[in-house]
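See below for the structure under consideration.
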Amino acid sequence: MNIIVLVKQVPDPEALVEIAASGKDLNIEPKFAINLFDEFALEEALRLKEKHGGSVKAIGLGGPKAIEALRTAIAMGADEAVLIEDESFAARDGYDTAFVLSRALQKEAFDIILSGRQAIDRDRAEVPQMVAQFLGLPHVGVIVKLDVADGKATAESALEGVAEVIEVGLPAIFTAQKGLNEPRVPLITGVMKAMKVQIPRVTLTDLGVSKDAGQKTSVLRYLPPKKRPAVQFIEGEPAQAAREIVRILADVERAI
Amino acid sequence: MDTIVIFVETKGDEIRKASLELLCEGARLAAGGKFTLEAVCCGVLPETVKQRLLTMAPKVVHLTDACLAAYSPEGYAYAVAGYAKEVGATIIMAGATGIGRDFFPRVAVMLDAGMISDATQANWDNDPMTFVRPQFGGKVFAEVSFRSPVVVTIRPNSFSLEMPEGIKGEYVEKPAAIPEGVVRTKLLRRAEAKEGTVDLTEADLIVAGGRGLKAAENFKLLEDLAALIGATVGATRSVVDAKWRDQADQIGKSGKTVSPKLYIGAGISGAIHHIMGMDTSKVVVAINRDANAIIFNYANYGIVGDLFDVLPAMTEEIRKRKEKG
Ligand SMILES: Cc1cc2nc3c(=O)[nH]c(=O)nc-3n(C[C@H](O)[C@H](O)[C@H](O)COP(=O)(O)OP(=O)(O)OC[C@H]3O[C@@H](n4cnc5c(N)ncnc54)[C@H](O)[C@@H]3O)c2cc1C
Ligand SMILES: Nc1ncnc2c1ncn2[C@@H]1O[C@H](COP(=O)(O)O)[C@@H](O)[C@H]1O
């Protein structure tokens, strides 16, 4: 079974994100991590390989730094990785990302593509479904369980909160949700291997993608979140405080 | 005139709230004369739902096909994209529900259109028109412009629910004519939904609990309060990881993003990963015995105290008020 995992490098969830003075860019603290949900995807791919044999290959689109996320994938146990290196293109919209990834995937032979359900930087949750459409493949989104047998997969999807069991023929794309598994921590031998391995880099020219076309959507500017007024503490004994907060919620905020 | 197609999601005899919000916003826009509005639904459409929709949209299009009886991303995308193309829609919108976010990216590719996911604001009158969407878990918002057509999902609770009046819609039934082989996923079974509870992502009122509740059974305190005001119960990741609550109840970066009118959090420290999932809530009340808990930085109202005293007292107070009427 050949499995491909889409791996995105994202700023660390704790990294500071600030709006640049121009309002048109973000200043992001340079701390990086593999996207949280992509770790579940990788783990699932490795478990499928352990069960059914085959290989796991990680593919990412990003700047030169993104090689680190792919090294992590190798350290966890992926057999191969490839970086589509283009800093500026990686910063474009979801459509463009999906287009480039699908171009790269067209050159691959696979039974399964696993991805995260959402990249926690741009929070789009759209790339894998778009890749599926570009490649003419079915997808099952937000999965918490995956079984494969006889060229078919049975996945449990948590799309709407209630579990749905869905059957699909392979090849197909699945997007991983928390709960699918517990991602492994790379062993030291894996880390050593990852440090030594040569990860090939591919350019957009190699994939025949032109950079000239404008984006379909573009960020005009960034805005800070609306600030909440300073907290108003409700004083008093529990019974008193309860009476006061209920009065406020009912009569002032009209929320209950 | 630009045509907006709104995908209307129904659930049994109900129209999902996220869709109602879009219909309300759409009706306001249509009244402004700049847009033509079409409401599109797929699959089974009960008569009561149909009649209700006809009071909310000038045109209700029911796309029919045997394939559409159950949701599938391929079937729904085929039907909605096909219709949007046929009428030359410039904006195609859905609520950012699980389903909306699952199949709309496919619609975007089918229409060769850009996509704006999980927007929380629309600036219809700006030039260029823009949508605003949170990124980095709400640490920043991006104002996004687009080339038409564009495919957009809107986070529930972003548009106000003021029902339009005086609309008498036209009903059109249209076969989606989905070719054999388009839909390749098959729904084998679905777990029973919890009766009568609104999903967190669409809930108006949420009471959430953290590790301060100490044990699974203490969530009864939240359940009691929630039942009284019609709220949905949520939880932090620590609570879910401890198996006190289901994964479906988790709010935050690796859980659900919620946007209720009122969020009450008890025994929650306010880690950034949790805040990212609830910071667009309108009114936030935090109950924590630690006056320095971070969650107070993100709250409108704070009560410093033991939740085991405060929660039952609140429940009791609301009950008394209800009895008085
Ligand atoms: C990559 C990543 C993703 C994450 N994603 C999420 C996510 O999606 N959602 C999420 O919630 N977390 C997430 N987390 C975890 C997050 O960082 C916090 O660890 C978690 O939110 C803490 O949960 P808590 O507030 O319940 O517990 P704690 O931080 O332990 O807080 C418990 C609070 O209860 C108070 N308390 C205790 N007893 C009482 C009492 N009797 N009365 C009143 N108050 C009391 C304490 O003062 C304390 O403030 C994530 C972490 C990482 C690293
Ligand atoms: N630049 C990228 N490189 C590799 N995979 C990506 C990239 N962008 C998105 N993905 C995959 O698509 C998933 C969802 O991303 P998104 O649609 O951007 O929220 C991620 O979890 C990744 O698995």
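If you're wondering about the labels, chains in the structure tokens are A, B, ... by order shown, residues count from 1 in each chain, ligands from 1 in order shown.
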Assign secondary structure with DSSP using the backbone only, and return the residues of region 81-169 of chain A in strand (DSSP E) as a ChimeraX atom specification.
-> /A:81-85,112-116,139-149,152-160,162-169
Test item: residues no farther than 9 Å from ligand 1, counting only C-alpha atoms and all ligand atoms, as a ChimeraX atom specification = /A:12-14,35-36 /B:209-214,235-240,250-257,266-277,287-295,304-310
Output the contact residues of chain A with respect to chain B at a cut-off of 7 Å, based on only C-alpha atoms, as a PyMOL selection string.
-> chain A and resi 95+120-124+126+129-130+133-134+138+141+159-168+178+216-225+228-234+238-239+242-243+246+255-256
Can I get the residues close to ligand 2 as a short mmCIF file (atom, residue, chain, number, x, y, z; two decimals) with N, CA, C and O atoms, in the first residue's frame, where close means within 6 Å and we count only C-alpha atoms and all ligand atoms?
```
data_model
loop_
_atom_site.label_atom_id
_atom_site.label_comp_id
_atom_site.auth_asym_id
_atom_site.auth_seq_id
_atom_site.Cartn_x
_atom_site.Cartn_y
_atom_site.Cartn_z
N LEU A 6 0.18 14.70 3.10
CA LEU A 6 0.42 16.11 2.84
C LEU A 6 0.82 16.77 4.14
O LEU A 6 0.06 16.75 5.12
N VAL A 7 2.03 17.30 4.16
CA VAL A 7 2.57 17.83 5.41
C VAL A 7 2.89 19.31 5.25
O VAL A 7 3.68 19.70 4.38
N LYS A 8 2.29 20.11 6.08
CA LYS A 8 2.54 21.55 6.02
C LYS A 8 3.31 22.00 7.24
O LYS A 8 2.98 21.61 8.36
N PHE A 37 -2.60 18.65 12.86
CA PHE A 37 -3.46 17.60 12.29
C PHE A 37 -2.69 16.71 11.31
O PHE A 37 -3.08 15.58 11.06
N ASP A 38 -1.60 17.24 10.76
CA ASP A 38 -0.80 16.44 9.83
C ASP A 38 -0.04 15.34 10.59
O ASP A 38 0.32 14.31 10.02
N ILE A 59 4.74 14.87 1.38
CA ILE A 59 4.92 15.94 0.39
C ILE A 59 4.49 17.26 1.00
O ILE A 59 3.43 17.35 1.64
N GLY A 60 5.30 18.28 0.82
CA GLY A 60 4.93 19.59 1.34
C GLY A 60 5.26 20.69 0.35
O GLY A 60 6.21 20.56 -0.43
N LEU A 61 4.48 21.74 0.38
CA LEU A 61 4.78 22.95 -0.37
C LEU A 61 5.13 24.03 0.63
O LEU A 61 4.38 24.26 1.58
N GLY A 62 6.28 24.65 0.46
CA GLY A 62 6.66 25.69 1.41
C GLY A 62 7.98 26.33 1.05
O GLY A 62 8.55 26.03 -0.01
N ALA A 90 3.73 29.44 -1.76
CA ALA A 90 3.14 28.79 -0.58
C ALA A 90 2.31 29.78 0.22
O ALA A 90 1.41 29.39 0.98
N GLY A 94 -5.65 29.06 -0.90
CA GLY A 94 -5.84 27.62 -0.82
C GLY A 94 -5.96 26.98 -2.19
O GLY A 94 -5.44 25.88 -2.43
N THR A 97 -2.50 26.56 -3.65
CA THR A 97 -1.79 25.49 -2.93
C THR A 97 -2.28 24.13 -3.41
O THR A 97 -1.49 23.23 -3.72
N SER A 115 -4.21 13.70 4.85
CA SER A 115 -3.84 15.08 5.15
C SER A 115 -4.41 15.43 6.51
O SER A 115 -5.18 14.67 7.09
N GLY A 116 -4.05 16.61 7.00
CA GLY A 116 -4.70 17.11 8.19
C GLY A 116 -6.07 17.67 7.82
O GLY A 116 -6.32 17.95 6.65
N ARG A 117 -6.95 17.85 8.81
CA ARG A 117 -8.26 18.41 8.46
C ARG A 117 -8.20 19.92 8.30
O ARG A 117 -9.07 20.53 7.71
N GLN A 118 -7.14 20.53 8.80
CA GLN A 118 -7.03 21.99 8.73
C GLN A 118 -5.59 22.36 9.05
O GLN A 118 -4.98 21.74 9.91
N ALA A 119 -5.07 23.37 8.37
CA ALA A 119 -3.76 23.90 8.75
C ALA A 119 -4.01 25.01 9.75
O ALA A 119 -4.83 25.90 9.49
N ASP A 123 -6.08 28.42 8.81
CA ASP A 123 -7.40 27.89 9.23
C ASP A 123 -8.40 27.77 8.07
O ASP A 123 -9.57 28.11 8.22
N ARG A 124 -7.95 27.28 6.93
CA ARG A 124 -8.83 27.24 5.77
C ARG A 124 -9.63 25.96 5.65
O ARG A 124 -10.77 25.96 5.21
N ALA A 125 -9.01 24.85 5.97
CA ALA A 125 -9.65 23.54 5.86
C ALA A 125 -10.26 23.32 4.48
O ALA A 125 -11.39 22.90 4.33
N GLU A 126 -9.52 23.64 3.44
CA GLU A 126 -10.05 23.50 2.09
C GLU A 126 -9.11 22.81 1.11
O GLU A 126 -9.57 22.28 0.10
N VAL A 127 -7.82 22.78 1.42
CA VAL A 127 -6.85 22.26 0.45
C VAL A 127 -7.09 20.78 0.07
O VAL A 127 -7.14 20.45 -1.12
N PRO A 128 -7.27 19.85 1.04
CA PRO A 128 -7.40 18.45 0.64
C PRO A 128 -8.63 18.17 -0.24
O PRO A 128 -8.54 17.40 -1.20
#
```
Find the residues around region 20-33 of chain B up to 12 Å (only C-alpha atoms counted), leave out those fewer than 5 positions away in its own chain, and share them as an mmCIF file with N, CA, C and O atoms, in the first residue's frame.
```cif
data_model
loop_
_atom_site.group_PDB
_atom_site.id
_atom_site.type_symbol
_atom_site.label_atom_id
_atom_site.label_comp_id
_atom_site.auth_asym_id
_atom_site.auth_seq_id
_atom_site.Cartn_x
_atom_site.Cartn_y
_atom_site.Cartn_z
ATOM 1 N N MET B 1 -27.438 42.294 -13.022
ATOM 2 C CA MET B 1 -27.409 42.193 -11.557
ATOM 3 C C MET B 1 -26.696 40.915 -11.131
ATOM 4 O O MET B 1 -26.850 39.885 -11.759
ATOM 5 N N ASP B 2 -25.907 40.997 -10.093
ATOM 6 C CA ASP B 2 -25.168 39.822 -9.616
ATOM 7 C C ASP B 2 -26.108 38.828 -8.944
ATOM 8 O O ASP B 2 -27.026 39.230 -8.234
ATOM 9 N N THR B 3 -25.850 37.571 -9.192
ATOM 10 C CA THR B 3 -26.669 36.542 -8.555
ATOM 11 C C THR B 3 -25.903 35.881 -7.421
ATOM 12 O O THR B 3 -24.759 35.466 -7.598
ATOM 13 N N ILE B 4 -26.557 35.807 -6.264
ATOM 14 C CA ILE B 4 -25.984 35.081 -5.132
ATOM 15 C C ILE B 4 -26.754 33.782 -4.980
ATOM 16 O O ILE B 4 -27.982 33.787 -4.928
ATOM 17 N N VAL B 5 -26.045 32.697 -4.938
ATOM 18 C CA VAL B 5 -26.671 31.410 -4.660
ATOM 19 C C VAL B 5 -26.343 31.024 -3.223
ATOM 20 O O VAL B 5 -25.170 31.009 -2.837
ATOM 21 N N ILE B 6 -27.386 30.772 -2.433
ATOM 22 C CA ILE B 6 -27.172 30.338 -1.051
ATOM 23 C C ILE B 6 -27.549 28.869 -0.939
ATOM 24 O O ILE B 6 -28.673 28.484 -1.250
ATOM 25 N N PHE B 7 -26.598 28.066 -0.521
ATOM 26 C CA PHE B 7 -26.897 26.649 -0.278
ATOM 27 C C PHE B 7 -27.597 26.536 1.080
ATOM 28 O O PHE B 7 -27.067 26.984 2.092
ATOM 29 N N VAL B 8 -28.797 25.967 1.057
ATOM 30 C CA VAL B 8 -29.579 25.837 2.287
ATOM 31 C C VAL B 8 -29.495 24.402 2.787
ATOM 32 O O VAL B 8 -29.812 23.455 2.073
ATOM 33 N N GLU B 9 -29.024 24.280 4.010
ATOM 34 C CA GLU B 9 -28.846 22.959 4.600
ATOM 35 C C GLU B 9 -30.050 22.650 5.482
ATOM 36 O O GLU B 9 -30.400 23.453 6.349
ATOM 37 N N THR B 10 -30.666 21.520 5.244
ATOM 38 C CA THR B 10 -31.807 21.142 6.080
ATOM 39 C C THR B 10 -31.452 19.897 6.867
ATOM 40 O O THR B 10 -30.574 19.128 6.476
ATOM 41 N N GLU B 14 -36.087 20.736 9.866
ATOM 42 C CA GLU B 14 -35.535 22.038 10.244
ATOM 43 C C GLU B 14 -34.600 22.571 9.165
ATOM 44 O O GLU B 14 -33.947 21.814 8.455
ATOM 45 N N ILE B 15 -34.554 23.896 9.118
ATOM 46 C CA ILE B 15 -33.517 24.542 8.310
ATOM 47 C C ILE B 15 -32.402 24.867 9.280
ATOM 48 O O ILE B 15 -32.656 25.404 10.358
ATOM 49 N N GLU B 38 -30.910 33.455 -4.888
ATOM 50 C CA GLU B 38 -31.518 32.145 -5.089
ATOM 51 C C GLU B 38 -31.100 31.215 -3.958
ATOM 52 O O GLU B 38 -29.924 31.115 -3.643
ATOM 53 N N ALA B 39 -32.091 30.562 -3.351
ATOM 54 C CA ALA B 39 -31.800 29.585 -2.299
ATOM 55 C C ALA B 39 -31.848 28.199 -2.929
ATOM 56 O O ALA B 39 -32.787 27.868 -3.640
ATOM 57 N N VAL B 40 -30.818 27.422 -2.702
ATOM 58 C CA VAL B 40 -30.718 26.111 -3.341
ATOM 59 C C VAL B 40 -30.640 25.025 -2.282
ATOM 60 O O VAL B 40 -29.864 25.137 -1.330
ATOM 61 N N VAL B 49 -40.783 22.587 5.323
ATOM 62 C CA VAL B 49 -39.528 23.322 5.125
ATOM 63 C C VAL B 49 -39.626 24.157 3.857
ATOM 64 O O VAL B 49 -39.244 25.328 3.812
ATOM 65 N N ARG B 52 -41.724 27.203 4.394
ATOM 66 C CA ARG B 52 -40.992 28.180 5.196
ATOM 67 C C ARG B 52 -39.956 28.915 4.343
ATOM 68 O O ARG B 52 -39.827 30.141 4.403
ATOM 69 N N LEU B 53 -39.246 28.151 3.516
ATOM 70 C CA LEU B 53 -38.225 28.756 2.658
ATOM 71 C C LEU B 53 -38.833 29.768 1.696
ATOM 72 O O LEU B 53 -38.227 30.795 1.391
ATOM 73 N N LEU B 54 -40.051 29.484 1.247
ATOM 74 C CA LEU B 54 -40.692 30.375 0.275
ATOM 75 C C LEU B 54 -41.073 31.722 0.882
ATOM 76 O O LEU B 54 -41.348 32.663 0.158
ATOM 77 N N THR B 55 -41.051 31.801 2.217
ATOM 78 C CA THR B 55 -41.290 33.107 2.850
ATOM 79 C C THR B 55 -39.971 33.829 3.110
ATOM 80 O O THR B 55 -39.953 34.931 3.634
ATOM 81 N N MET B 56 -38.866 33.161 2.768
ATOM 82 C CA MET B 56 -37.564 33.740 3.099
ATOM 83 C C MET B 56 -36.712 34.091 1.896
ATOM 84 O O MET B 56 -35.753 34.844 2.015
ATOM 85 N N ALA B 57 -36.998 33.500 0.753
ATOM 86 C CA ALA B 57 -36.174 33.754 -0.430
ATOM 87 C C ALA B 57 -37.076 33.932 -1.640
ATOM 88 O O ALA B 57 -38.085 33.232 -1.768
ATOM 89 N N PRO B 58 -36.727 34.850 -2.534
ATOM 90 C CA PRO B 58 -37.562 35.084 -3.722
ATOM 91 C C PRO B 58 -37.596 33.877 -4.663
ATOM 92 O O PRO B 58 -38.549 33.707 -5.409
ATOM 93 N N LYS B 59 -36.553 33.040 -4.595
ATOM 94 C CA LYS B 59 -36.551 31.854 -5.455
ATOM 95 C C LYS B 59 -35.929 30.690 -4.691
ATOM 96 O O LYS B 59 -34.835 30.828 -4.136
ATOM 97 N N VAL B 60 -36.655 29.601 -4.650
ATOM 98 C CA VAL B 60 -36.160 28.416 -3.971
ATOM 99 C C VAL B 60 -35.985 27.309 -5.007
ATOM 100 O O VAL B 60 -36.950 26.917 -5.669
ATOM 101 N N ILE B 91 -21.539 34.916 -6.492
ATOM 102 C CA ILE B 91 -21.166 34.540 -5.134
ATOM 103 C C ILE B 91 -21.976 33.306 -4.754
ATOM 104 O O ILE B 91 -23.201 33.287 -4.905
ATOM 105 N N ILE B 92 -21.291 32.279 -4.292
ATOM 106 C CA ILE B 92 -21.960 31.040 -3.892
ATOM 107 C C ILE B 92 -21.627 30.850 -2.417
ATOM 108 O O ILE B 92 -20.456 30.737 -2.063
ATOM 109 N N MET B 93 -22.661 30.843 -1.577
ATOM 110 C CA MET B 93 -22.426 30.853 -0.128
ATOM 111 C C MET B 93 -23.057 29.653 0.572
ATOM 112 O O MET B 93 -24.116 29.176 0.183
ATOM 113 N N ALA B 94 -22.422 29.233 1.646
ATOM 114 C CA ALA B 94 -22.996 28.230 2.542
ATOM 115 C C ALA B 94 -22.582 28.577 3.953
ATOM 116 O O ALA B 94 -21.620 29.328 4.162
ATOM 117 N N GLY B 95 -23.289 28.032 4.920
ATOM 118 C CA GLY B 95 -22.856 28.152 6.310
ATOM 119 C C GLY B 95 -21.580 27.334 6.480
ATOM 120 O O GLY B 95 -21.421 26.291 5.848
ATOM 121 N N ALA B 96 -20.684 27.802 7.352
ATOM 122 C CA ALA B 96 -19.447 27.049 7.596
ATOM 123 C C ALA B 96 -19.718 25.939 8.617
ATOM 124 O O ALA B 96 -19.111 25.870 9.675
ATOM 125 N N ALA B 119 -15.744 32.798 6.877
ATOM 126 C CA ALA B 119 -15.747 34.253 7.051
ATOM 127 C C ALA B 119 -16.678 34.633 8.198
ATOM 128 O O ALA B 119 -17.663 33.953 8.471
ATOM 129 N N THR B 120 -16.345 35.740 8.866
ATOM 130 C CA THR B 120 -17.191 36.197 9.969
ATOM 131 C C THR B 120 -17.835 37.551 9.664
ATOM 132 O O THR B 120 -18.605 38.064 10.461
ATOM 133 N N GLN B 121 -17.488 38.119 8.510
ATOM 134 C CA GLN B 121 -18.041 39.427 8.165
ATOM 135 C C GLN B 121 -18.007 39.598 6.657
ATOM 136 O O GLN B 121 -17.092 39.117 5.996
ATOM 137 N N ALA B 122 -19.022 40.269 6.120
ATOM 138 C CA ALA B 122 -19.055 40.571 4.691
ATOM 139 C C ALA B 122 -19.194 42.077 4.524
ATOM 140 O O ALA B 122 -20.051 42.678 5.154
ATOM 141 N N ASN B 123 -18.327 42.661 3.708
ATOM 142 C CA ASN B 123 -18.428 44.104 3.425
ATOM 143 C C ASN B 123 -18.990 44.260 2.015
ATOM 144 O O ASN B 123 -18.252 44.470 1.058
ATOM 145 N N TRP B 124 -20.311 44.142 1.908
ATOM 146 C CA TRP B 124 -20.973 44.122 0.601
ATOM 147 C C TRP B 124 -20.794 45.433 -0.139
ATOM 148 O O TRP B 124 -20.739 45.467 -1.355
ATOM 149 N N ASP B 125 -20.752 46.553 0.594
ATOM 150 C CA ASP B 125 -20.759 47.855 -0.064
ATOM 151 C C ASP B 125 -19.355 48.394 -0.317
ATOM 152 O O ASP B 125 -19.204 49.462 -0.885
ATOM 153 N N VAL B 152 -17.928 30.956 -0.849
ATOM 154 C CA VAL B 152 -17.706 31.459 0.509
ATOM 155 C C VAL B 152 -18.458 30.603 1.528
ATOM 156 O O VAL B 152 -19.605 30.223 1.292
ATOM 157 N N THR B 153 -17.816 30.295 2.648
ATOM 158 C CA THR B 153 -18.577 29.734 3.771
ATOM 159 C C THR B 153 -18.525 30.750 4.915
ATOM 160 O O THR B 153 -17.507 31.404 5.130
ATOM 161 N N ILE B 154 -19.657 30.869 5.612
ATOM 162 C CA ILE B 154 -19.795 31.889 6.652
ATOM 163 C C ILE B 154 -19.975 31.211 8.011
ATOM 164 O O ILE B 154 -20.857 30.346 8.171
ATOM 165 N N ARG B 155 -19.150 31.600 8.965
ATOM 166 C CA ARG B 155 -19.227 31.012 10.303
ATOM 167 C C ARG B 155 -20.601 31.271 10.926
ATOM 168 O O ARG B 155 -21.105 32.389 10.858
ATOM 169 N N PRO B 156 -21.202 30.236 11.511
ATOM 170 C CA PRO B 156 -22.499 30.436 12.171
ATOM 171 C C PRO B 156 -22.425 31.584 13.183
ATOM 172 O O PRO B 156 -21.366 31.846 13.753
ATOM 173 N N ASN B 157 -23.547 32.238 13.394
ATOM 174 C CA ASN B 157 -23.669 33.374 14.327
ATOM 175 C C ASN B 157 -22.930 34.620 13.868
ATOM 176 O O ASN B 157 -22.608 35.475 14.670
ATOM 177 N N SER B 158 -22.655 34.738 12.568
ATOM 178 C CA SER B 158 -22.013 35.950 12.062
ATOM 179 C C SER B 158 -23.030 36.985 11.569
ATOM 180 O O SER B 158 -22.796 38.168 11.659
ATOM 181 N N PHE B 159 -24.164 36.509 11.026
ATOM 182 C CA PHE B 159 -25.201 37.424 10.539
ATOM 183 C C PHE B 159 -26.407 37.355 11.470
ATOM 184 O O PHE B 159 -26.725 36.289 11.999
ATOM 185 N N SER B 160 -27.092 38.478 11.628
ATOM 186 C CA SER B 160 -28.214 38.481 12.568
ATOM 187 C C SER B 160 -29.451 37.804 11.963
ATOM 188 O O SER B 160 -29.669 37.798 10.755
ATOM 189 N N LEU B 161 -30.218 37.214 12.844
ATOM 190 C CA LEU B 161 -31.406 36.458 12.434
ATOM 191 C C LEU B 161 -32.637 37.348 12.523
ATOM 192 O O LEU B 161 -33.419 37.235 13.450
ATOM 193 N N GLU B 162 -32.786 38.257 11.561
ATOM 194 C CA GLU B 162 -34.030 39.028 11.527
ATOM 195 C C GLU B 162 -34.762 38.609 10.281
ATOM 196 O O GLU B 162 -34.362 38.935 9.170
ATOM 197 N N MET B 163 -35.843 37.870 10.516
ATOM 198 C CA MET B 163 -36.551 37.283 9.395
ATOM 199 C C MET B 163 -37.111 38.381 8.487
ATOM 200 O O MET B 163 -37.716 39.334 8.964
ATOM 201 N N PRO B 164 -36.911 38.218 7.206
ATOM 202 C CA PRO B 164 -37.514 39.173 6.271
ATOM 203 C C PRO B 164 -39.037 39.016 6.261
ATOM 204 O O PRO B 164 -39.550 37.957 6.646
ATOM 205 N N GLU B 165 -39.748 40.038 5.843
ATOM 206 C CA GLU B 165 -41.212 39.926 5.759
ATOM 207 C C GLU B 165 -41.691 40.202 4.349
ATOM 208 O O GLU B 165 -41.021 40.871 3.574
ATOM 209 N N GLY B 166 -42.848 39.653 4.058
ATOM 210 C CA GLY B 166 -43.508 39.976 2.787
ATOM 211 C C GLY B 166 -42.892 39.302 1.575
ATOM 212 O O GLY B 166 -43.150 39.691 0.450
ATOM 213 N N ILE B 167 -42.081 38.261 1.793
ATOM 214 C CA ILE B 167 -41.512 37.568 0.627
ATOM 215 C C ILE B 167 -42.423 36.402 0.238
ATOM 216 O O ILE B 167 -42.861 35.629 1.081
ATOM 217 N N LYS B 168 -42.745 36.335 -1.042
ATOM 218 C CA LYS B 168 -43.458 35.166 -1.568
ATOM 219 C C LYS B 168 -42.586 34.593 -2.670
ATOM 220 O O LYS B 168 -42.535 35.126 -3.766
ATOM 221 N N GLY B 169 -41.884 33.538 -2.318
ATOM 222 C CA GLY B 169 -40.905 32.997 -3.251
ATOM 223 C C GLY B 169 -41.527 32.142 -4.337
ATOM 224 O O GLY B 169 -42.662 31.682 -4.241
ATOM 225 N N GLU B 202 -23.032 25.881 16.324
ATOM 226 C CA GLU B 202 -24.178 26.721 15.998
ATOM 227 C C GLU B 202 -24.892 27.244 17.234
ATOM 228 O O GLU B 202 -25.862 27.997 17.131
#
```
Spatial neighbours of Val191 (chain A), 9 Å, only C-alpha atoms, chain gap at least 4 places, as a list of chain:residue names |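 Here the answer would be A:Arg71, A:Thr72, A:Ile74, A:Ala75, A:Met76, A:Pro186, A:Leu187, A:Met195, A:Lys196.
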Across A:Gly63, A:Pro183, A:Pro200, A:Gly169, the smallest distance to Ala155 (chain A), with only C-alpha atoms counted, is shown by A:Gly169
Separation of CA of Leu16 (chain A) and CA of Glu85 (chain A), in Å?
->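 So the answer is 24.5 Å.
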Near region 100-104 of chain A, counting only C-alpha atoms, which residues have an atom at most 7 Å away, once you skip same-chain residues fewer than 5 positions from it, shown as a tab-separated table (two decimals) with all heavy atoms, in the first residue's frame?
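After the write, result_34.tsv holds the following:
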```tsv
chain	number	residue	atom	x	y	z
A	131	VAL	N	-7.77	19.35	-3.61
A	131	VAL	CA	-6.85	18.39	-4.25
A	131	VAL	C	-7.66	17.20	-4.78
A	131	VAL	O	-7.47	16.75	-5.92
A	131	VAL	CB	-5.77	17.91	-3.25
A	131	VAL	CG1	-5.02	16.71	-3.80
A	131	VAL	CG2	-4.80	19.05	-2.94
A	134	PHE	N	-9.39	18.27	-7.92
A	134	PHE	CA	-8.43	18.40	-9.03
A	134	PHE	C	-8.03	17.04	-9.58
A	134	PHE	O	-7.85	16.85	-10.78
A	134	PHE	CB	-7.16	19.14	-8.58
A	134	PHE	CG	-7.27	20.64	-8.61
A	134	PHE	CD1	-7.04	21.39	-7.46
A	134	PHE	CD2	-7.58	21.32	-9.79
A	134	PHE	CE1	-7.12	22.78	-7.49
A	134	PHE	CE2	-7.66	22.70	-9.82
A	134	PHE	CZ	-7.43	23.44	-8.66
A	135	LEU	N	-7.86	16.07	-8.68
A	135	LEU	CA	-7.38	14.75	-9.11
A	135	LEU	C	-8.53	13.82	-9.47
A	135	LEU	O	-8.30	12.68	-9.88
A	135	LEU	CB	-6.54	14.10	-7.99
A	135	LEU	CG	-5.23	14.81	-7.63
A	135	LEU	CD1	-4.54	14.09	-6.47
A	135	LEU	CD2	-4.30	14.88	-8.84
A	207	LEU	N	7.20	21.35	-12.17
A	207	LEU	CA	5.81	20.86	-12.19
A	207	LEU	C	5.01	21.50	-13.32
A	207	LEU	O	3.83	21.20	-13.51
A	207	LEU	CB	5.12	21.15	-10.85
A	207	LEU	CG	5.69	20.44	-9.62
A	207	LEU	CD1	5.01	20.94	-8.36
A	207	LEU	CD2	5.53	18.93	-9.75
```
From region 23-144 of chain B, collect each residue whose DSSP state is alpha helix (DSSP H) and return the set as a PyMOL selection string.
-> chain B and resi 23-31+47-54+73-87+98-110
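Of the residues listed (A:Ala149, A:Leu46, A:Ala41, A:Ala15), A:Ala41 shows the shortest atom-to-atom separation from Gln177 (chain A); distances use only C-alpha atoms.
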Contact residues around Leu48 (chain A) with only C-alpha atoms at 10 Å, ignoring same-chain residues under 5 positions, as an MDAnalysis selection string = chainID A and resid 1:3 42:43 53:56 112 146:148
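Those residues that approach Leu63 (chain B) to within 6 Å, counting only C-alpha atoms, are Cys42, Lys174, Pro175 and Ala176 of chain B; same-chain residues fewer than 6 positions away are not listed.
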